[in-house]
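Pasting entry-v2.cif here (mmCIF, C-alpha atoms and all ligand atoms):
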data_data
#
loop_
_atom_site.label_atom_id
_atom_site.label_comp_id
_atom_site.auth_asym_id
_atom_site.auth_seq_id
_atom_site.Cartn_x
_atom_site.Cartn_y
_atom_site.Cartn_z
CA MET D 1 125.96 -1.35 -80.77
CA LYS D 2 124.71 -1.34 -84.31
CA PHE D 3 121.89 -3.47 -85.52
CA HIS D 4 122.92 -4.20 -89.07
CA GLN D 5 119.97 -6.30 -90.07
CA LYS D 6 118.38 -3.47 -92.01
CA ASN D 7 115.84 -5.65 -93.71
CA PHE D 8 115.17 -7.84 -90.73
CA LYS D 9 112.23 -6.82 -88.57
CA TRP D 10 111.49 -8.32 -85.20
CA ASN D 11 108.59 -7.94 -82.78
CA THR D 12 109.02 -5.26 -80.15
CA PHE D 13 107.58 -4.65 -76.69
CA LEU D 14 104.44 -2.46 -77.00
CA ASP D 15 104.97 -2.64 -80.78
CA LEU D 16 107.21 0.44 -80.66
CA GLN D 17 109.27 1.42 -83.68
CA ASN D 18 112.96 0.59 -83.24
CA ASP D 19 115.71 2.48 -84.94
CA GLU D 20 119.38 2.91 -84.10
CA LYS D 21 118.82 6.45 -82.88
CA ASP D 22 116.37 5.04 -80.31
CA PHE D 23 118.96 2.58 -79.11
CA SER D 24 121.49 5.21 -78.09
CA SER D 25 118.93 7.47 -76.42
CA CYS D 26 116.57 4.95 -74.84
CA SER D 27 116.46 4.38 -71.09
CA VAL D 28 115.29 0.76 -71.21
CA VAL D 29 116.55 -2.09 -73.40
CA ILE D 30 114.26 -5.12 -73.57
CA ILE D 31 116.05 -8.39 -74.38
CA PRO D 32 113.92 -11.48 -75.17
CA ILE D 33 115.53 -14.87 -74.48
CA GLY D 34 113.40 -17.86 -75.49
CA TYR D 35 115.47 -20.52 -73.73
CA ASP D 36 114.16 -23.35 -71.57
CA GLY D 37 117.01 -25.84 -71.83
CA THR D 38 117.09 -26.38 -68.05
CA ALA D 39 113.35 -26.79 -67.42
CA SER D 40 112.91 -29.67 -64.97
CA TYR D 41 109.26 -30.66 -65.20
CA LYS D 42 107.56 -29.16 -68.25
CA PRO D 43 109.42 -27.23 -70.93
CA GLY D 44 107.54 -24.39 -72.63
CA ALA D 45 109.15 -21.21 -71.24
CA LYS D 46 110.90 -20.82 -74.59
CA TYR D 47 107.54 -19.61 -75.93
CA GLY D 48 107.29 -16.97 -73.18
CA PRO D 49 108.92 -13.96 -74.87
CA ASN D 50 106.84 -14.26 -78.01
CA ALA D 51 103.55 -14.58 -76.07
CA ILE D 52 104.42 -11.65 -73.78
CA ILE D 53 105.48 -9.36 -76.64
CA ASN D 54 102.33 -10.25 -78.60
CA SER D 55 100.17 -9.40 -75.56
CA SER D 56 102.10 -6.18 -74.92
CA VAL D 57 100.90 -4.87 -78.28
CA GLU D 58 97.38 -4.69 -76.82
CA LEU D 59 98.35 -2.66 -73.72
CA GLU D 60 97.60 1.05 -73.46
CA ASN D 61 100.79 3.11 -73.35
CA TYR D 62 99.32 5.37 -70.65
CA ASP D 63 99.37 4.22 -67.02
CA ILE D 64 96.64 5.48 -64.68
CA GLU D 65 98.63 4.99 -61.45
CA MET D 66 101.81 6.66 -62.72
CA GLU D 67 99.90 9.27 -64.73
CA LYS D 68 102.27 8.98 -67.65
CA ASP D 69 102.85 7.39 -71.03
CA ILE D 70 105.68 5.01 -70.26
CA THR D 71 106.88 4.90 -73.86
CA GLU D 72 108.17 8.47 -73.52
CA THR D 73 111.12 7.11 -71.57
CA GLY D 74 112.45 5.36 -74.68
CA ILE D 75 112.18 1.59 -74.91
CA PHE D 76 114.25 -0.42 -77.40
CA THR D 77 113.65 -4.14 -77.95
CA THR D 78 116.60 -6.15 -79.26
CA PRO D 79 116.20 -9.26 -81.41
CA GLU D 80 115.80 -12.45 -79.40
CA ILE D 81 118.96 -14.13 -78.07
CA SER D 82 118.50 -17.50 -79.72
CA PRO D 83 118.91 -20.68 -77.65
CA LEU D 84 121.89 -23.03 -77.80
CA ALA D 85 121.18 -26.72 -77.52
CA SER D 86 124.55 -27.45 -75.90
CA ASP D 87 125.57 -27.27 -72.24
CA PRO D 88 123.49 -24.74 -70.21
CA LYS D 89 126.70 -23.03 -69.11
CA GLU D 90 127.48 -22.17 -72.76
CA MET D 91 124.04 -20.60 -73.11
CA LEU D 92 124.54 -18.46 -70.02
CA LEU D 93 127.90 -17.32 -71.39
CA LYS D 94 126.23 -16.45 -74.69
CA ILE D 95 123.65 -14.34 -72.83
CA GLU D 96 126.37 -12.56 -70.85
CA THR D 97 128.53 -11.77 -73.90
CA THR D 98 125.57 -10.75 -76.06
CA ILE D 99 124.51 -8.22 -73.42
CA ASP D 100 128.15 -7.09 -72.93
CA ASN D 101 128.38 -6.48 -76.67
CA LEU D 102 125.42 -4.08 -76.57
CA LYS D 103 127.90 -1.69 -74.87
CA LEU D 104 125.21 -0.29 -72.61
CA LYS D 105 125.89 2.69 -70.39
CA ASN D 106 123.24 3.53 -67.83
CA GLN D 107 120.34 1.90 -69.62
CA ILE D 108 118.10 -0.39 -67.64
CA THR D 109 118.00 -3.92 -69.04
CA GLY D 110 114.73 -5.86 -69.03
CA ILE D 111 115.09 -9.54 -69.82
CA ILE D 112 112.09 -11.56 -70.95
CA GLY D 113 112.68 -15.30 -70.31
CA GLY D 114 112.87 -18.11 -70.89
CA ASP D 115 113.54 -20.27 -67.85
CA HIS D 116 115.00 -18.68 -64.74
CA SER D 117 118.57 -19.76 -65.54
CA VAL D 118 118.83 -16.81 -67.98
CA THR D 119 119.15 -14.54 -64.92
CA ILE D 120 122.70 -15.80 -64.29
CA GLY D 121 123.96 -14.57 -67.69
CA SER D 122 122.07 -11.30 -67.32
CA VAL D 123 123.38 -10.54 -63.81
CA LYS D 124 126.95 -11.45 -64.76
CA SER D 125 126.80 -8.79 -67.45
CA ALA D 126 124.95 -6.22 -65.30
CA ILE D 127 127.43 -6.48 -62.43
CA LYS D 128 130.22 -5.24 -64.71
CA ARG D 129 128.34 -1.96 -65.13
CA PHE D 130 126.93 -1.87 -61.58
CA PRO D 131 129.49 -3.56 -59.28
CA ASP D 132 127.47 -2.83 -56.13
CA LEU D 133 124.21 -4.32 -57.30
CA SER D 134 122.10 -6.58 -55.12
CA ILE D 135 119.23 -8.78 -56.23
CA LEU D 136 115.63 -8.81 -55.13
CA TYR D 137 114.70 -12.39 -56.03
CA LEU D 138 110.97 -13.06 -56.29
CA ASP D 139 110.21 -16.76 -56.69
CA ALA D 140 107.95 -19.39 -55.11
CA HIS D 141 111.00 -21.67 -54.96
CA ALA D 142 114.28 -21.15 -53.12
CA ASP D 143 116.44 -22.16 -56.15
CA LEU D 144 119.32 -22.89 -53.76
CA ARG D 145 120.22 -26.43 -54.87
CA ASP D 146 123.90 -26.85 -55.61
CA THR D 147 123.13 -29.11 -58.59
CA TYR D 148 119.93 -30.39 -60.09
CA MET D 149 119.41 -32.96 -62.82
CA GLY D 150 123.14 -33.09 -63.50
CA THR D 151 123.87 -29.38 -63.87
CA LYS D 152 124.92 -26.52 -61.62
CA TRP D 153 123.47 -24.01 -64.08
CA GLY D 154 119.80 -25.00 -64.14
CA HIS D 155 116.79 -23.04 -62.95
CA ALA D 156 116.74 -24.87 -59.57
CA SER D 157 120.21 -23.49 -58.69
CA VAL D 158 119.96 -19.88 -59.83
CA ALA D 159 119.86 -18.20 -56.41
CA ARG D 160 122.70 -20.47 -55.21
CA ARG D 161 124.95 -19.42 -58.14
CA LEU D 162 124.03 -15.75 -57.75
CA LYS D 163 124.83 -15.77 -54.05
CA SER D 164 128.47 -16.40 -54.91
CA ILE D 165 128.66 -13.13 -56.87
CA CYS D 166 126.39 -10.68 -55.01
CA LYS D 167 123.79 -10.27 -52.28
CA VAL D 168 120.48 -12.00 -53.03
CA VAL D 169 117.37 -11.25 -50.98
CA GLN D 170 114.59 -13.75 -51.57
CA LEU D 171 110.91 -12.93 -51.15
CA GLY D 172 107.77 -14.95 -51.89
CA VAL D 173 109.28 -18.38 -51.17
CA ARG D 174 106.83 -21.16 -50.25
CA SER D 175 108.54 -24.29 -51.60
CA ILE D 176 111.93 -25.53 -50.42
CA SER D 177 113.89 -28.78 -49.99
CA SER D 178 115.75 -29.92 -46.87
CA GLU D 179 119.04 -29.64 -48.78
CA GLU D 180 118.29 -25.95 -49.29
CA VAL D 181 117.23 -25.40 -45.68
CA ASN D 182 120.56 -26.93 -44.60
CA PHE D 183 122.45 -24.67 -46.97
CA ILE D 184 120.70 -21.60 -45.54
CA SER D 185 121.60 -22.49 -41.97
CA LYS D 186 125.19 -23.44 -42.86
CA SER D 187 125.74 -20.23 -44.79
CA LYS D 188 123.99 -18.24 -42.03
CA SER D 189 121.77 -16.51 -44.56
CA GLU D 190 118.42 -17.03 -42.79
CA ASN D 191 117.88 -13.27 -42.85
CA GLU D 192 118.08 -13.17 -46.66
CA ILE D 193 115.09 -15.43 -47.32
CA TYR D 194 111.47 -14.53 -46.56
CA TYR D 195 108.79 -17.20 -46.68
CA TRP D 196 105.44 -15.99 -47.95
CA ASP D 197 102.91 -17.20 -45.40
CA ARG D 198 99.81 -15.12 -44.70
CA THR D 199 98.88 -17.25 -41.69
CA LYS D 200 102.15 -16.62 -39.84
CA ASN D 201 103.83 -13.50 -41.14
CA ASN D 202 103.16 -9.81 -41.20
CA LEU D 203 103.90 -9.57 -44.90
CA GLN D 204 104.45 -5.80 -45.00
CA GLU D 205 106.99 -6.13 -42.19
CA ASP D 206 108.76 -8.84 -44.22
CA ILE D 207 108.72 -6.68 -47.35
CA ASP D 208 110.17 -3.70 -45.44
CA SER D 209 112.85 -5.88 -43.91
CA ALA D 210 113.76 -7.53 -47.23
CA LEU D 211 114.00 -4.19 -49.06
CA SER D 212 116.07 -2.63 -46.27
CA GLN D 213 118.82 -5.20 -46.96
CA LEU D 214 119.27 -4.22 -50.60
CA SER D 215 122.08 -1.97 -51.81
CA ASN D 216 121.19 1.19 -53.70
CA GLN D 217 121.43 -0.48 -57.12
CA VAL D 218 118.87 -3.25 -57.36
CA TYR D 219 118.29 -5.91 -59.98
CA ILE D 220 114.81 -7.42 -59.68
CA SER D 221 114.54 -11.04 -60.80
CA ILE D 222 111.03 -12.44 -61.12
CA ASP D 223 110.01 -16.05 -61.63
CA LEU D 224 106.32 -15.66 -62.47
CA ASP D 225 105.50 -18.60 -60.19
CA VAL D 226 105.97 -16.18 -57.29
CA LEU D 227 102.46 -15.00 -58.22
CA ASP D 228 99.45 -16.95 -57.02
CA PRO D 229 98.35 -19.62 -59.53
CA SER D 230 94.87 -17.99 -59.53
CA ILE D 231 96.36 -15.15 -61.60
CA MET D 232 99.39 -16.98 -63.02
CA SER D 233 98.79 -20.63 -63.83
CA ALA D 234 100.94 -20.62 -66.99
CA VAL D 235 104.16 -21.68 -65.26
CA GLY D 236 106.01 -24.99 -65.15
CA ASN D 237 105.89 -25.42 -61.35
CA PRO D 238 102.91 -23.58 -59.80
CA VAL D 239 102.71 -23.30 -55.99
CA PRO D 240 99.53 -22.15 -54.17
CA GLY D 241 99.44 -19.28 -51.68
CA GLY D 242 101.33 -16.73 -53.76
CA ILE D 243 101.64 -12.99 -54.21
CA ASN D 244 98.71 -11.18 -55.83
CA TRP D 245 98.77 -8.42 -58.45
CA GLU D 246 98.44 -5.46 -56.08
CA GLU D 247 101.14 -6.84 -53.80
CA ILE D 248 103.77 -7.37 -56.51
CA ASN D 249 103.00 -3.97 -57.96
CA SER D 250 103.47 -2.43 -54.52
CA ILE D 251 106.74 -4.34 -53.91
CA ILE D 252 108.18 -2.97 -57.17
CA LYS D 253 106.95 0.53 -56.37
CA GLN D 254 108.46 0.46 -52.86
CA THR D 255 111.75 -0.82 -54.28
CA ALA D 256 111.85 2.02 -56.79
CA GLN D 257 111.11 4.61 -54.11
CA HIS D 258 114.18 3.76 -52.05
CA HIS D 259 116.62 2.27 -54.59
CA SER D 260 117.67 2.53 -58.23
CA ILE D 261 116.35 -0.36 -60.28
CA ILE D 262 119.20 -1.00 -62.73
CA GLY D 263 117.79 -4.11 -64.38
CA PHE D 264 115.11 -6.72 -64.15
CA ASP D 265 113.93 -9.99 -65.61
CA VAL D 266 110.57 -11.71 -65.89
CA THR D 267 110.94 -15.44 -66.44
CA GLU D 268 109.18 -18.80 -66.64
CA LEU D 269 105.98 -17.97 -68.52
CA SER D 270 104.90 -21.21 -70.22
CA PRO D 271 102.02 -19.90 -72.29
CA ASN D 272 100.64 -23.34 -73.15
CA GLU D 273 100.06 -24.17 -69.48
CA GLY D 274 97.40 -21.56 -68.82
CA PRO D 275 94.96 -18.99 -70.20
CA GLU D 276 96.05 -16.12 -72.43
CA SER D 277 95.40 -13.71 -69.54
CA CYS D 278 98.73 -14.89 -68.07
CA SER D 279 100.78 -13.44 -70.92
CA PHE D 280 98.85 -10.17 -70.55
CA THR D 281 99.63 -10.17 -66.81
CA ALA D 282 103.32 -10.80 -67.53
CA ALA D 283 103.35 -8.01 -70.14
CA LYS D 284 101.71 -5.58 -67.71
CA LEU D 285 104.23 -6.54 -65.04
CA ILE D 286 107.12 -5.69 -67.39
CA TYR D 287 105.33 -2.46 -68.25
CA LYS D 288 105.07 -1.59 -64.52
CA LEU D 289 108.73 -2.47 -63.98
CA ILE D 290 109.70 -0.09 -66.80
CA GLY D 291 107.45 2.63 -65.40
CA PHE D 292 108.66 2.42 -61.80
CA ALA D 293 112.32 1.88 -62.72
CA THR D 294 112.37 5.02 -64.87
CA GLU D 295 110.17 7.11 -62.57
CA LYS D 296 112.98 7.88 -60.17
CA SER D 297 115.21 9.41 -62.82
CA ASN D 298 112.36 11.72 -63.88
CA ASN D 299 111.21 12.49 -60.38
CA LYS D 300 114.11 12.47 -57.93
CA LEU D 301 113.06 11.60 -54.42
MN MN I 401 110.28 -20.90 -59.31
#
Show the structure stored in the file as C-alpha cells.
Amino acid sequence: MKFHQKNFKWNTFLDLQNDEKDFSSCSVVIIPIGYDGTASYKPGAKYGPNAIINSSVELENYDIEMEKDITETGIFTTPEISPLASDPKEMLLKIETTIDNLKLKNQITGIIGGDHSVTIGSVKSAIKRFPDLSILYLDAHADLRDTYMGTKWGHASVARRLKSICKVVQLGVRSISSEEVNFISKSKSENEIYYWDRTKNNLQEDIDSALSQLSNQVYISIDLDVLDPSIMSAVGNPVPGGINWEEINSIIKQTAQHHSIIGFDVTELSPNEGPESCSFTAAKLIYKLIGFATEKSNNKL
C-alpha cells in the first residue's frame, strides 16, 4: 500500500512520524473510523477517533508495567476511513475493502471507532488473513438482536452478525433483551456469553473459562461501555456495574499470554458525553492493547 498524499498530513496515534518505510516494517497499523451512522440513542461516536488520537499525544511512550517503550514495535496510523451517509451495509463494505487494500501481511490492526458496527467490516477483512480467528467481545450489551431500527448491520446486532462467520465469546455483559436470551438458548450458545455480576459470579473463573474457549488467533473487540461508567461515562449507552481499569488490563494481558492477538478495536467513545479523562482512558487502553499484542512476538512464551 502506498500513501500518495505526499502533502497531506493527518494526526497519528502517539503523534508518531509516519512514512512509507514505517508502513512496510511496522507491527501495528492503527485505522481510525469516525462513523456513527447506526447509533441508536445518542450519536457522537464519530468524534471518538479524533479525541482519542489527540489524547494519545499526551501519553508517555514508556510503559511501567511492560518495562518498554511501545513505539519501538513500529506503529503506523492510516488516514481516517471517512463515513458514508448511505446504507450501513455499504459503509461496512467500504471498511472491509479499505483494509483489504492495505495489503497487510502479519501486521496487527487496531481500529479506533466509531460505533461498534465498524467491527463487522474489520473482522471480515481480518478473517481473510487469519481464517481461524475467534473474537473476544467485551461489551455491556449482548448485541445479539437480529435487526434493530430497521437494519441488520447496526451496533445492536454486531455479535449476532459475527457469530455467523466465527466464534464469538462475550464477556462483561450486563444488559440484554428477552429476544436475545431466546436466541442464545435456541442457538445453544449459553457457554459463549458471560454476564458480569460481582454478586453472583467468581469473575476470575469466568475470565479463565471465556479465554479457554478462544482459538489461538484472537481479535479483541471492545465497546467502551463494557467499562464501569465511573471511569467511562462518555458512551452512548452506559450501564452500571462494569469492568474497572485493572480488570480490563488484566483480561488483555491474560489473553496475550495464551493466544496471539491479531487485531483489535476500541469503539463507542462519544467524547461529548463525558469528561476528557475518558478519551485519555481510551487512548491508554489502545496503548496497552498494542503493548500486550506485540509483547508475545518479542518474548515468546
Ligand atoms: Mn454496548
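Near Ile112 in chain D, within 8 Å and counting all atoms listed in the file, sit D:Ile30, D:Ile31, D:Pro32, D:Ile33, D:Gly34, D:Gly48, D:Pro49, D:Asp265, D:Val266, D:Thr267; same-chain residues fewer than 5 positions away were not included.
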Residues within 10 Å of ligand MN 401 (chain I), counting all atoms listed in the file, as a compact mmCIF listing (two decimals) with C-alpha atoms, in the frame of the given file:
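Output saved as out-v4.txt:
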# COMPACT_ATOMS: atom_id res chain seq x y z
CA ASP D 115 113.54 -20.27 -67.85
CA HIS D 116 115.00 -18.68 -64.74
CA LEU D 138 110.97 -13.06 -56.29
CA ASP D 139 110.21 -16.76 -56.69
CA ALA D 140 107.95 -19.39 -55.11
CA HIS D 141 111.00 -21.67 -54.96
CA ALA D 142 114.28 -21.15 -53.12
CA ASP D 143 116.44 -22.16 -56.15
CA HIS D 155 116.79 -23.04 -62.95
CA ALA D 156 116.74 -24.87 -59.57
CA VAL D 158 119.96 -19.88 -59.83
CA GLY D 172 107.77 -14.95 -51.89
CA VAL D 173 109.28 -18.38 -51.17
CA ARG D 174 106.83 -21.16 -50.25
CA SER D 175 108.54 -24.29 -51.60
CA ILE D 222 111.03 -12.44 -61.12
CA ASP D 223 110.01 -16.05 -61.63
CA LEU D 224 106.32 -15.66 -62.47
CA ASP D 225 105.50 -18.60 -60.19
CA VAL D 226 105.97 -16.18 -57.29
CA LEU D 227 102.46 -15.00 -58.22
CA VAL D 235 104.16 -21.68 -65.26
CA GLY D 236 106.01 -24.99 -65.15
CA ASN D 237 105.89 -25.42 -61.35
CA PRO D 238 102.91 -23.58 -59.80
CA VAL D 239 102.71 -23.30 -55.99
CA THR D 267 110.94 -15.44 -66.44
CA GLU D 268 109.18 -18.80 -66.64
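Using all atoms listed in the file, the shortest contact distance between Met91 in chain D and any of D:Leu104, D:Ile231, D:Ile120, D:Leu214 is found at D:Ile120.
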Inset, instruction - For CA of Val57 in chain D and CA of Thr78 in chain D, quote the distance in Å rounded to one decimal. - result: 15.8 Å
Inset, instruction - Compile the contact shell of Trp245 in chain D as a list in words: residues with an atom at most 12 Å away, counting only C-alpha atoms, same-chain residues fewer than 6 positions apart removed. - result: Leu224, Val226, Leu227, Asp228, Pro229, Ser230, Ile231, Met232, Ile251, Ile252, Cys278, Thr281, Ala282, Lys284, Leu285 and Lys288 of chain D
Legend entry - Separation of CA of Ser279 in chain D from CA of Ile52 in chain D in Å: 5.0 Å
Inset, instruction - Quick one: everything within 12 Å of Leu93 in chain D, counting only C-alpha atoms, minus sequence neighbours fewer than 5 positions away in the same chain. Send it as a VMD selection string. - result: chain D and resid 81 83 to 84 86 to 88 98 to 100 117 to 125 153
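You can rank D:Asp197, D:Asp208, D:Glu276, D:Glu80 by their closest distance to Asn54 in chain D using all atoms listed in the file, and at the top of that list sits D:Glu276.
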Legend entry - Å distance separating CA of Pro79 in chain D from CA of Asn11 in chain D, one decimal place: 7.8 Å
Legend entry - All residues 12 Å or closer to Asn61 in chain D, only C-alpha atoms, same chain fewer than 4 positions away omitted, as a list in words: Phe13, Leu14, Asp15, Leu16, Ser56, Val57, Met66, Glu67, Lys68, Asp69, Ile70, Thr71, Glu72, Thr73, Gly74, Ile75, Ala283, Lys284, Tyr287, Lys288, Ile290 and Gly291 of chain D
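If you measure from each of D:Leu269, D:Ala234, D:Ile286, D:Ile165 to Ile248 in chain D using only C-alpha atoms, the closest one turns out to be D:Ile286.
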Legend entry - Shell of 7 Å around Gly263 in chain D, all atoms listed in the file, local chain residues under 5 positions omitted, as a ChimeraX atom specification: /D:108-110,219-220
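Between Ala51 in chain D and the candidates D:Pro131, D:Gly154, D:Gly37, D:Gly114, the tightest atom-to-atom separation, counting all atoms listed in the file, involves D:Gly114.
Of the residues under consideration (D:Ser270, D:Asn182, D:Gly241, D:Gln107), D:Gln107 shows the shortest atom-to-atom contact distance to Ser25 in chain D when counting all atoms listed in the file.
Among the candidates D:Thr77, D:Val28, D:Gln217, D:Ala159, the residue lying nearest to Ile184 in chain D is D:Ala159 (atoms considered: all atoms listed in the file).
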Will you give me range 72-173 of chain D, written with C-alpha atoms and laid out as a PDB file, in the first residue's frame?
ATOM      1  CA  GLU D  72       9.736   0.608  19.244  1.00  0.00           C
ATOM      2  CA  THR D  73       7.425  -2.026  17.814  1.00  0.00           C
ATOM      3  CA  GLY D  74       6.520   0.263  14.901  1.00  0.00           C
ATOM      4  CA  ILE D  75       3.080   1.844  14.832  1.00  0.00           C
ATOM      5  CA  PHE D  76       1.627   3.340  11.650  1.00  0.00           C
ATOM      6  CA  THR D  77      -1.623   5.335  11.673  1.00  0.00           C
ATOM      7  CA  THR D  78      -3.560   5.442   8.402  1.00  0.00           C
ATOM      8  CA  PRO D  79      -5.784   8.371   7.410  1.00  0.00           C
ATOM      9  CA  GLU D  80      -9.330   8.078   8.713  1.00  0.00           C
ATOM     10  CA  ILE D  81     -11.793   5.926   6.747  1.00  0.00           C
ATOM     11  CA  SER D  82     -14.399   8.580   6.068  1.00  0.00           C
ATOM     12  CA  PRO D  83     -18.073   7.812   6.734  1.00  0.00           C
ATOM     13  CA  LEU D  84     -20.690   7.124   4.066  1.00  0.00           C
ATOM     14  CA  ALA D  85     -24.149   8.519   4.656  1.00  0.00           C
ATOM     15  CA  SER D  86     -25.828   5.703   2.716  1.00  0.00           C
ATOM     16  CA  ASP D  87     -26.919   2.257   3.907  1.00  0.00           C
ATOM     17  CA  PRO D  88     -24.838   0.952   6.870  1.00  0.00           C
ATOM     18  CA  LYS D  89     -24.041  -2.194   4.889  1.00  0.00           C
ATOM     19  CA  GLU D  90     -22.252  -0.067   2.260  1.00  0.00           C
ATOM     20  CA  MET D  91     -20.143   1.522   4.986  1.00  0.00           C
ATOM     21  CA  LEU D  92     -19.137  -1.859   6.383  1.00  0.00           C
ATOM     22  CA  LEU D  93     -18.160  -2.972   2.882  1.00  0.00           C
ATOM     23  CA  LYS D  94     -16.093   0.192   2.478  1.00  0.00           C
ATOM     24  CA  ILE D  95     -14.276  -0.581   5.744  1.00  0.00           C
ATOM     25  CA  GLU D  96     -13.604  -4.170   4.657  1.00  0.00           C
ATOM     26  CA  THR D  97     -12.273  -3.225   1.213  1.00  0.00           C
ATOM     27  CA  THR D  98     -10.214  -0.297   2.522  1.00  0.00           C
ATOM     28  CA  ILE D  99      -8.466  -2.633   4.979  1.00  0.00           C
ATOM     29  CA  ASP D 100      -8.099  -5.337   2.278  1.00  0.00           C
ATOM     30  CA  ASN D 101      -6.430  -2.759   0.037  1.00  0.00           C
ATOM     31  CA  LEU D 102      -3.762  -2.056   2.658  1.00  0.00           C
ATOM     32  CA  LYS D 103      -2.389  -5.498   1.644  1.00  0.00           C
ATOM     33  CA  LEU D 104      -1.355  -6.282   5.194  1.00  0.00           C
ATOM     34  CA  LYS D 105       0.680  -9.368   5.993  1.00  0.00           C
ATOM     35  CA  ASN D 106       1.099 -10.213   9.654  1.00  0.00           C
ATOM     36  CA  GLN D 107       0.545  -6.730  10.995  1.00  0.00           C
ATOM     37  CA  ILE D 108      -1.876  -6.304  13.858  1.00  0.00           C
ATOM     38  CA  THR D 109      -4.759  -3.983  13.009  1.00  0.00           C
ATOM     39  CA  GLY D 110      -6.091  -1.591  15.643  1.00  0.00           C
ATOM     40  CA  ILE D 111      -9.378   0.064  14.742  1.00  0.00           C
ATOM     41  CA  ILE D 112     -10.485   3.218  16.526  1.00  0.00           C
ATOM     42  CA  GLY D 113     -14.283   3.653  16.222  1.00  0.00           C
ATOM     43  CA  GLY D 114     -16.790   4.940  15.614  1.00  0.00           C
ATOM     44  CA  ASP D 115     -19.836   2.949  16.650  1.00  0.00           C
ATOM     45  CA  HIS D 116     -19.498  -0.777  17.233  1.00  0.00           C
ATOM     46  CA  SER D 117     -20.812  -1.707  13.766  1.00  0.00           C
ATOM     47  CA  VAL D 118     -17.339  -0.943  12.333  1.00  0.00           C
ATOM     48  CA  THR D 119     -16.176  -4.239  13.858  1.00  0.00           C
ATOM     49  CA  ILE D 120     -18.079  -6.206  11.206  1.00  0.00           C
ATOM     50  CA  GLY D 121     -16.086  -4.654   8.329  1.00  0.00           C
ATOM     51  CA  SER D 122     -12.843  -5.025  10.244  1.00  0.00           C
ATOM     52  CA  VAL D 123     -13.384  -8.702  11.143  1.00  0.00           C
ATOM     53  CA  LYS D 124     -14.489  -9.569   7.601  1.00  0.00           C
ATOM     54  CA  SER D 125     -11.152  -8.294   6.359  1.00  0.00           C
ATOM     55  CA  ALA D 126      -9.105  -9.832   9.204  1.00  0.00           C
ATOM     56  CA  ILE D 127     -10.583 -13.298   8.717  1.00  0.00           C
ATOM     57  CA  LYS D 128      -9.151 -13.437   5.188  1.00  0.00           C
ATOM     58  CA  ARG D 129      -5.659 -13.205   6.667  1.00  0.00           C
ATOM     59  CA  PHE D 130      -6.430 -15.236   9.808  1.00  0.00           C
ATOM     60  CA  PRO D 131      -9.095 -17.822   8.885  1.00  0.00           C
ATOM     61  CA  ASP D 132      -9.058 -19.434  12.336  1.00  0.00           C
ATOM     62  CA  LEU D 133      -9.609 -16.279  14.333  1.00  0.00           C
ATOM     63  CA  SER D 134     -12.081 -16.086  17.189  1.00  0.00           C
ATOM     64  CA  ILE D 135     -13.381 -12.955  18.864  1.00  0.00           C
ATOM     65  CA  LEU D 136     -13.204 -11.868  22.470  1.00  0.00           C
ATOM     66  CA  TYR D 137     -16.155  -9.477  22.577  1.00  0.00           C
ATOM     67  CA  LEU D 138     -16.145  -7.052  25.510  1.00  0.00           C
ATOM     68  CA  ASP D 139     -19.398  -5.097  25.758  1.00  0.00           C
ATOM     69  CA  ALA D 140     -22.009  -4.243  28.393  1.00  0.00           C
ATOM     70  CA  HIS D 141     -24.663  -5.224  25.839  1.00  0.00           C
ATOM     71  CA  ALA D 142     -25.221  -8.580  24.150  1.00  0.00           C
ATOM     72  CA  ASP D 143     -25.582  -7.048  20.632  1.00  0.00           C
ATOM     73  CA  LEU D 144     -27.429 -10.200  19.530  1.00  0.00           C
ATOM     74  CA  ARG D 145     -30.553  -8.635  18.012  1.00  0.00           C
ATOM     75  CA  ASP D 146     -31.291  -9.890  14.523  1.00  0.00           C
ATOM     76  CA  THR D 147     -32.396  -6.416  13.415  1.00  0.00           C
ATOM     77  CA  TYR D 148     -32.665  -3.108  15.190  1.00  0.00           C
ATOM     78  CA  MET D 149     -34.184   0.146  13.988  1.00  0.00           C
ATOM     79  CA  GLY D 150     -34.661  -1.277  10.512  1.00  0.00           C
ATOM     80  CA  THR D 151     -31.173  -2.622   9.864  1.00  0.00           C
ATOM     81  CA  LYS D 152     -29.313  -5.883  10.363  1.00  0.00           C
ATOM     82  CA  TRP D 153     -25.990  -4.040  10.310  1.00  0.00           C
ATOM     83  CA  GLY D 154     -26.350  -1.700  13.289  1.00  0.00           C
ATOM     84  CA  HIS D 155     -24.412  -1.664  16.539  1.00  0.00           C
ATOM     85  CA  ALA D 156     -27.145  -3.652  18.369  1.00  0.00           C
ATOM     86  CA  SER D 157     -26.643  -6.652  16.040  1.00  0.00           C
ATOM     87  CA  VAL D 158     -22.853  -6.842  15.773  1.00  0.00           C
ATOM     88  CA  ALA D 159     -22.293 -10.005  17.826  1.00  0.00           C
ATOM     89  CA  ARG D 160     -25.213 -11.691  16.028  1.00  0.00           C
ATOM     90  CA  ARG D 161     -23.684 -10.977  12.586  1.00  0.00           C
ATOM     91  CA  LEU D 162     -20.205 -12.007  13.726  1.00  0.00           C
ATOM     92  CA  LYS D 163     -21.470 -15.304  15.111  1.00  0.00           C
ATOM     93  CA  SER D 164     -22.350 -16.379  11.577  1.00  0.00           C
ATOM     94  CA  ILE D 165     -18.706 -16.050  10.487  1.00  0.00           C
ATOM     95  CA  CYS D 166     -16.622 -17.094  13.506  1.00  0.00           C
ATOM     96  CA  LYS D 167     -16.664 -17.958  17.199  1.00  0.00           C
ATOM     97  CA  VAL D 168     -17.565 -15.031  19.455  1.00  0.00           C
ATOM     98  CA  VAL D 169     -17.007 -15.203  23.216  1.00  0.00           C
ATOM     99  CA  GLN D 170     -18.771 -12.422  25.084  1.00  0.00           C
ATOM    100  CA  LEU D 171     -17.564 -11.056  28.411  1.00  0.00           C
ATOM    101  CA  GLY D 172     -18.770  -8.127  30.519  1.00  0.00           C
ATOM    102  CA  VAL D 173     -22.450  -8.345  29.520  1.00  0.00           C
TER     103      VAL D 173
END
